[in-house]
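**Student:** Have a look at the structure that comes next, please.
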Amino acid sequence: MYHSLKESLESWKGESERTQQVLDALTDASLAQSIAAGHRTLGRIAWHIVTTIPEMMTYTGLKLENLLNPDKPVPAAAAEIAEAYRALSAALVDQVSGTWNDRSLDIEDDLYGQKWPRRITLMVLIQHQIHHRGQMTVLMRQAGLKVPSIYGPSLEAWQEHGMNAPEV
């Protein structure tokens, strides 16, 4: 849990950079990849990460919805998804740092039928993207994409450095 606004924004910035790496690695063709018929596609999961930022943070009084039409279907262009995330992530940091302070983290908002302190809302937003980012890396492998290194080297990163990946 976050104890200060600075701490929460630092966490967001680090995790959003990692998410941006994953989104930037997508291709238009990869967006249709799914684990099996009837499951979310890679594009749908990526777009879900993007659209959750304004959807969730609107409950806290932030005005991010003007950056994204919530009814817009999943874009066919991977670059459009990546750019939408980039813009929303930056806007989130700007609005939170410009309007909130440490005491704001204790304000409770109604989210999904519950009262959530804003520090929890920020934590859940971060954990939400981490969860879906993990799903995306599996689908990226199935789509033949290079998976970026997130918390340590990916298989491709080991190979790029002329090393063998650790045995599984």
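A note on labels: chains of the structure tokens are A, B, ... as shown, every chain counts residues from 1, and ligands are counted from 1 in their shown order.
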Just asking: which residues within segment 76-156 of chain A are strand (DSSP E or B) according to DSSP, as a list in words?
**Tutor:** Glu108, Asp109, Asp110, Leu111, Gln114, Lys115, Trp116 and Pro117 of chain A
**Student:** Can you check which parts of segment 6-61 of chain A lie within 9 Å of segment 107-114 of chain A? Per residue, the shortest pair of atoms and distance in Å to one decimal, counting only C-alpha atoms, sorted by chain and number, as a Markdown table.
**Tutor:**
```
| residue | atom | partner | partner_atom | distance |
| --- | --- | --- | --- | --- |
| A:Met56 | CA | A:Leu111 | CA | 7.7 |
| A:Tyr59 | CA | A:Leu111 | CA | 6.4 |
| A:Thr60 | CA | A:Asp109 | CA | 5.9 |
| A:Gly61 | CA | A:Asp109 | CA | 8.7 |
```
**Student:** Can you spit out the residues from that selection as a compact mmCIF listing (two decimals), in the first residue's frame, using N, CA and C atoms?
**Tutor:**
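again_0.txt written:
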```
# COMPACT_ATOMS: atom_id res chain seq x y z
N MET A 56 -11.84 3.76 -14.34
CA MET A 56 -11.66 3.63 -12.91
C MET A 56 -11.40 4.99 -12.25
N TYR A 59 -14.13 7.69 -11.14
CA TYR A 59 -14.77 7.57 -9.83
C TYR A 59 -14.08 8.42 -8.77
N THR A 60 -12.83 8.78 -9.00
CA THR A 60 -12.08 9.60 -8.04
C THR A 60 -12.21 11.09 -8.35
N GLY A 61 -12.95 11.42 -9.39
CA GLY A 61 -13.13 12.82 -9.75
C GLY A 61 -12.17 13.32 -10.80
```
**Student:** Just the alpha helix (DSSP H) stuff from chain A, please, per backbone DSSP, written as a ChimeraX atom specification.
**Tutor:** /A:5-24,42-57,78-99,118-142,155-160
**Student:** Near Thr41 of chain A, counting only C-alpha atoms, which residues have an atom at most 8 Å away, once you skip same-chain residues fewer than 5 positions from it, shown as a VMD selection string?
**Tutor:** chain A and resid 31 to 35
**Student:** Any chance you could tabulate, as JSON lines, the residues of segment 17-53 of chain A at most 10 Å from segment 74-85 of chain A with each one's nearest atom pair and distance in Å to one decimal, using only C-alpha atoms, in chain and rising number order?
**Tutor:**
```
{"residue": "A:Thr19", "atom": "CA", "partner": "A:Tyr85", "partner_atom": "CA", "distance": 8.8}
{"residue": "A:Gln20", "atom": "CA", "partner": "A:Ala82", "partner_atom": "CA", "distance": 6.7}
{"residue": "A:Gln21", "atom": "CA", "partner": "A:Ala82", "partner_atom": "CA", "distance": 9.0}
{"residue": "A:Val22", "atom": "CA", "partner": "A:Ala82", "partner_atom": "CA", "distance": 8.8}
{"residue": "A:Leu23", "atom": "CA", "partner": "A:Ala82", "partner_atom": "CA", "distance": 5.2}
{"residue": "A:Asp24", "atom": "CA", "partner": "A:Ala82", "partner_atom": "CA", "distance": 5.8}
{"residue": "A:Ala25", "atom": "CA", "partner": "A:Ala78", "partner_atom": "CA", "distance": 8.6}
{"residue": "A:Leu26", "atom": "CA", "partner": "A:Ala78", "partner_atom": "CA", "distance": 5.8}
{"residue": "A:Thr27", "atom": "CA", "partner": "A:Ala78", "partner_atom": "CA", "distance": 5.4}
{"residue": "A:Asp28", "atom": "CA", "partner": "A:Ala78", "partner_atom": "CA", "distance": 5.0}
{"residue": "A:Ala29", "atom": "CA", "partner": "A:Ala78", "partner_atom": "CA", "distance": 8.5}
{"residue": "A:Ser30", "atom": "CA", "partner": "A:Ala78", "partner_atom": "CA", "distance": 8.4}
{"residue": "A:Leu31", "atom": "CA", "partner": "A:Ala78", "partner_atom": "CA", "distance": 7.1}
{"residue": "A:Ala32", "atom": "CA", "partner": "A:Ala76", "partner_atom": "CA", "distance": 9.1}
{"residue": "A:Gly43", "atom": "CA", "partner": "A:Val74", "partner_atom": "CA", "distance": 6.7}
{"residue": "A:Arg44", "atom": "CA", "partner": "A:Val74", "partner_atom": "CA", "distance": 6.2}
{"residue": "A:Ile45", "atom": "CA", "partner": "A:Val74", "partner_atom": "CA", "distance": 9.3}
{"residue": "A:Ala46", "atom": "CA", "partner": "A:Ile81", "partner_atom": "CA", "distance": 7.1}
{"residue": "A:Trp47", "atom": "CA", "partner": "A:Val74", "partner_atom": "CA", "distance": 6.0}
{"residue": "A:His48", "atom": "CA", "partner": "A:Val74", "partner_atom": "CA", "distance": 8.6}
{"residue": "A:Ile49", "atom": "CA", "partner": "A:Tyr85", "partner_atom": "CA", "distance": 8.0}
{"residue": "A:Val50", "atom": "CA", "partner": "A:Tyr85", "partner_atom": "CA", "distance": 5.2}
{"residue": "A:Thr51", "atom": "CA", "partner": "A:Tyr85", "partner_atom": "CA", "distance": 8.4}
{"residue": "A:Ile53", "atom": "CA", "partner": "A:Tyr85", "partner_atom": "CA", "distance": 8.6}
```
**Student:** Could you state the separation of atom CA of Asp106 of chain A and atom CA of His3 of chain A in Å, given to one decimal place?
**Tutor:**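 Interatomic distance here is 9.6 Å.
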**Student:** Give me, please, the distance in Å between atom CA of Leu64 of chain A and atom CA of Arg86 of chain A, quoted to one decimal.
**Tutor:**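 Taking atom CA of Leu64 of chain A and atom CA of Arg86 of chain A, their separation equals 12.7 Å.
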**Student:** Need to verify the contact set: Gly14 of chain A, 12 Å, only C-alpha atoms, exclusion of same-chain residues closer than 2 positions in sequence. Can you return it as a compact mmCIF listing (two decimals) with all heavy atoms, in the first residue's frame?
**Tutor:**
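Now in result_9.txt:
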```txt
# COMPACT_ATOMS: atom_id res chain seq x y z
N GLU A 7 5.26 8.23 -3.55
CA GLU A 7 5.47 6.79 -3.63
C GLU A 7 4.52 6.15 -4.65
O GLU A 7 4.94 5.32 -5.47
CB GLU A 7 5.25 6.19 -2.25
CG GLU A 7 5.54 4.72 -2.13
CD GLU A 7 5.27 4.21 -0.73
OE1 GLU A 7 4.20 4.50 -0.16
OE2 GLU A 7 6.15 3.50 -0.22
N SER A 8 3.26 6.54 -4.63
CA SER A 8 2.30 5.96 -5.56
C SER A 8 2.60 6.37 -7.00
O SER A 8 2.50 5.55 -7.92
CB SER A 8 0.87 6.33 -5.18
OG SER A 8 0.67 7.72 -5.21
N LEU A 9 2.98 7.63 -7.21
CA LEU A 9 3.30 8.08 -8.57
C LEU A 9 4.58 7.43 -9.10
O LEU A 9 4.67 7.11 -10.29
CB LEU A 9 3.39 9.60 -8.62
CG LEU A 9 2.07 10.34 -8.49
CD1 LEU A 9 2.28 11.83 -8.39
CD2 LEU A 9 1.13 9.99 -9.65
N GLU A 10 5.54 7.21 -8.23
CA GLU A 10 6.76 6.51 -8.65
C GLU A 10 6.44 5.09 -9.07
O GLU A 10 6.97 4.58 -10.07
CB GLU A 10 7.81 6.52 -7.54
CG GLU A 10 8.47 7.86 -7.36
CD GLU A 10 9.41 7.92 -6.16
OE1 GLU A 10 9.53 6.91 -5.41
OE2 GLU A 10 10.01 8.98 -5.96
N SER A 11 5.57 4.43 -8.33
CA SER A 11 5.15 3.08 -8.68
C SER A 11 4.42 3.08 -10.02
O SER A 11 4.68 2.25 -10.89
CB SER A 11 4.27 2.50 -7.58
OG SER A 11 3.92 1.17 -7.88
N TRP A 12 3.48 4.02 -10.20
CA TRP A 12 2.76 4.12 -11.47
C TRP A 12 3.74 4.34 -12.62
O TRP A 12 3.64 3.67 -13.65
CB TRP A 12 1.73 5.25 -11.45
CG TRP A 12 1.13 5.41 -12.81
CD1 TRP A 12 1.49 6.32 -13.76
CD2 TRP A 12 0.14 4.58 -13.42
NE1 TRP A 12 0.77 6.12 -14.92
CE2 TRP A 12 -0.06 5.05 -14.73
CE3 TRP A 12 -0.58 3.47 -12.98
CZ2 TRP A 12 -0.97 4.46 -15.60
CZ3 TRP A 12 -1.49 2.89 -13.84
CH2 TRP A 12 -1.68 3.38 -15.14
N SER A 16 3.96 1.74 -15.52
CA SER A 16 3.43 2.18 -16.81
C SER A 16 4.51 2.13 -17.89
O SER A 16 4.22 1.85 -19.05
CB SER A 16 2.80 3.58 -16.71
OG SER A 16 3.76 4.57 -16.45
N GLU A 17 5.76 2.37 -17.51
CA GLU A 17 6.85 2.23 -18.49
C GLU A 17 6.95 0.78 -18.96
O GLU A 17 7.15 0.52 -20.15
CB GLU A 17 8.19 2.68 -17.87
CG GLU A 17 8.30 4.17 -17.71
CD GLU A 17 9.53 4.60 -16.92
OE1 GLU A 17 10.38 3.74 -16.59
OE2 GLU A 17 9.63 5.80 -16.61
N ARG A 18 6.80 -0.16 -18.03
CA ARG A 18 6.85 -1.58 -18.40
C ARG A 18 5.66 -1.95 -19.29
O ARG A 18 5.81 -2.68 -20.27
CB ARG A 18 6.88 -2.44 -17.14
CG ARG A 18 8.18 -2.32 -16.37
CD ARG A 18 8.12 -3.07 -15.03
NE ARG A 18 9.34 -2.88 -14.29
CZ ARG A 18 9.48 -1.99 -13.32
NH1 ARG A 18 8.49 -1.21 -12.95
NH2 ARG A 18 10.64 -1.88 -12.69
N THR A 19 4.49 -1.44 -18.94
CA THR A 19 3.32 -1.71 -19.78
C THR A 19 3.50 -1.08 -21.15
O THR A 19 3.15 -1.70 -22.16
CB THR A 19 2.04 -1.18 -19.09
OG1 THR A 19 1.88 -1.87 -17.84
CG2 THR A 19 0.80 -1.39 -19.95
N GLN A 20 4.06 0.11 -21.20
CA GLN A 20 4.28 0.78 -22.49
C GLN A 20 5.23 -0.05 -23.36
O GLN A 20 5.02 -0.16 -24.57
CB GLN A 20 4.85 2.18 -22.27
CG GLN A 20 4.84 3.04 -23.52
CD GLN A 20 3.45 3.41 -23.96
OE1 GLN A 20 2.71 4.05 -23.24
NE2 GLN A 20 3.06 3.00 -25.16
N GLN A 21 6.24 -0.66 -22.77
CA GLN A 21 7.16 -1.52 -23.53
C GLN A 21 6.39 -2.66 -24.19
O GLN A 21 6.65 -3.00 -25.34
CB GLN A 21 8.24 -2.11 -22.62
CG GLN A 21 9.28 -1.15 -22.16
CD GLN A 21 10.26 -1.84 -21.22
OE1 GLN A 21 9.89 -2.65 -20.36
NE2 GLN A 21 11.53 -1.51 -21.37
N SER A 89 -1.68 7.67 -19.56
CA SER A 89 -0.75 7.50 -18.45
C SER A 89 -0.15 8.85 -18.04
O SER A 89 -0.08 9.17 -16.85
CB SER A 89 0.37 6.52 -18.84
OG SER A 89 1.29 6.37 -17.79
N VAL A 93 -0.79 11.02 -14.43
CA VAL A 93 0.28 11.57 -13.58
C VAL A 93 0.08 13.07 -13.41
O VAL A 93 0.17 13.59 -12.29
CB VAL A 93 1.67 11.24 -14.16
CG1 VAL A 93 2.76 12.01 -13.43
CG2 VAL A 93 1.93 9.74 -14.10
N ILE A 126 -2.77 -0.22 -10.76
CA ILE A 126 -1.44 -0.73 -11.11
C ILE A 126 -1.45 -2.25 -11.18
O ILE A 126 -0.95 -2.85 -12.14
CB ILE A 126 -0.39 -0.22 -10.09
CG1 ILE A 126 -0.19 1.28 -10.28
CG2 ILE A 126 0.93 -0.98 -10.25
CD1 ILE A 126 0.60 1.94 -9.16
N GLN A 129 -3.13 -3.63 -14.38
CA GLN A 129 -2.34 -3.65 -15.61
C GLN A 129 -1.23 -4.70 -15.55
O GLN A 129 -0.90 -5.31 -16.56
CB GLN A 129 -1.81 -2.26 -15.97
CG GLN A 129 -0.70 -1.75 -15.13
CD GLN A 129 -0.19 -0.40 -15.61
OE1 GLN A 129 -0.47 0.03 -16.72
NE2 GLN A 129 0.56 0.27 -14.78
N ILE A 130 -0.68 -4.94 -14.37
CA ILE A 130 0.33 -5.99 -14.24
C ILE A 130 -0.28 -7.35 -14.56
O ILE A 130 0.32 -8.15 -15.29
CB ILE A 130 0.94 -5.98 -12.82
CG1 ILE A 130 1.76 -4.72 -12.58
CG2 ILE A 130 1.78 -7.23 -12.59
CD1 ILE A 130 2.15 -4.49 -11.14
N ILE A 150 10.95 -7.36 -18.62
CA ILE A 150 10.14 -6.57 -17.69
C ILE A 150 10.85 -6.47 -16.34
O ILE A 150 11.33 -5.42 -15.97
CB ILE A 150 8.72 -7.17 -17.54
CG1 ILE A 150 8.01 -7.25 -18.89
CG2 ILE A 150 7.91 -6.36 -16.54
CD1 ILE A 150 7.71 -5.93 -19.54
N TYR A 151 10.91 -7.55 -15.59
CA TYR A 151 11.58 -7.52 -14.29
C TYR A 151 12.92 -8.25 -14.34
O TYR A 151 13.61 -8.35 -13.35
CB TYR A 151 10.71 -8.17 -13.21
CG TYR A 151 9.47 -7.38 -12.91
CD1 TYR A 151 8.22 -7.90 -13.19
CD2 TYR A 151 9.54 -6.11 -12.36
CE1 TYR A 151 7.07 -7.17 -12.91
CE2 TYR A 151 8.42 -5.38 -12.09
CZ TYR A 151 7.18 -5.92 -12.36
OH TYR A 151 6.06 -5.20 -12.09
```
**Student:** Smallest atom-to-atom distance to Gly134 of chain A: which of A:Leu155, A:Leu92, A:Leu42, A:Ser104, using only C-alpha atoms?
**Tutor:** A:Leu42
**Student:** Can you pull out every residue within 10 Å of Gln127 of chain A, counting only C-alpha atoms, but drop anything in the same chain fewer than 6 positions away, and send it as a JSON list (two decimals) with N, CA and C atoms, in the first residue's frame?
**Tutor:**
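New file around12.json:
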```json
[["chain", "number", "residue", "atom", "x", "y", "z"],
["A", 12, "TRP", "N", 3.48, 4.02, -10.20],
["A", 12, "TRP", "CA", 2.76, 4.12, -11.47],
["A", 12, "TRP", "C", 3.74, 4.34, -12.62],
["A", 15, "GLU", "N", 5.69, 1.07, -13.43],
["A", 15, "GLU", "CA", 4.84, 0.03, -14.03],
["A", 15, "GLU", "C", 4.27, 0.47, -15.37],
["A", 121, "THR", "N", -7.25, 2.56, -4.73],
["A", 121, "THR", "CA", -7.62, 2.67, -6.15],
["A", 121, "THR", "C", -6.38, 2.72, -7.02],
["A", 133, "ARG", "N", -0.89, -7.51, -18.27],
["A", 133, "ARG", "CA", 0.39, -7.50, -18.98],
["A", 133, "ARG", "C", 0.97, -8.91, -19.02]]
```
**Student:** Using Å and a single decimal, report how far atom CA of Pro73 of chain A sits from atom CA of Met136 of chain A.
**Tutor:** 18.5 Å
**Student:** Given the choices A:Thr52, A:Trp116, A:Leu122, A:Arg141, which gets closest to Leu88 of chain A if the distance is worked out from only C-alpha atoms?
**Tutor:**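 Checking each candidate against Leu88 of chain A, we get A:Thr52 as the closest.
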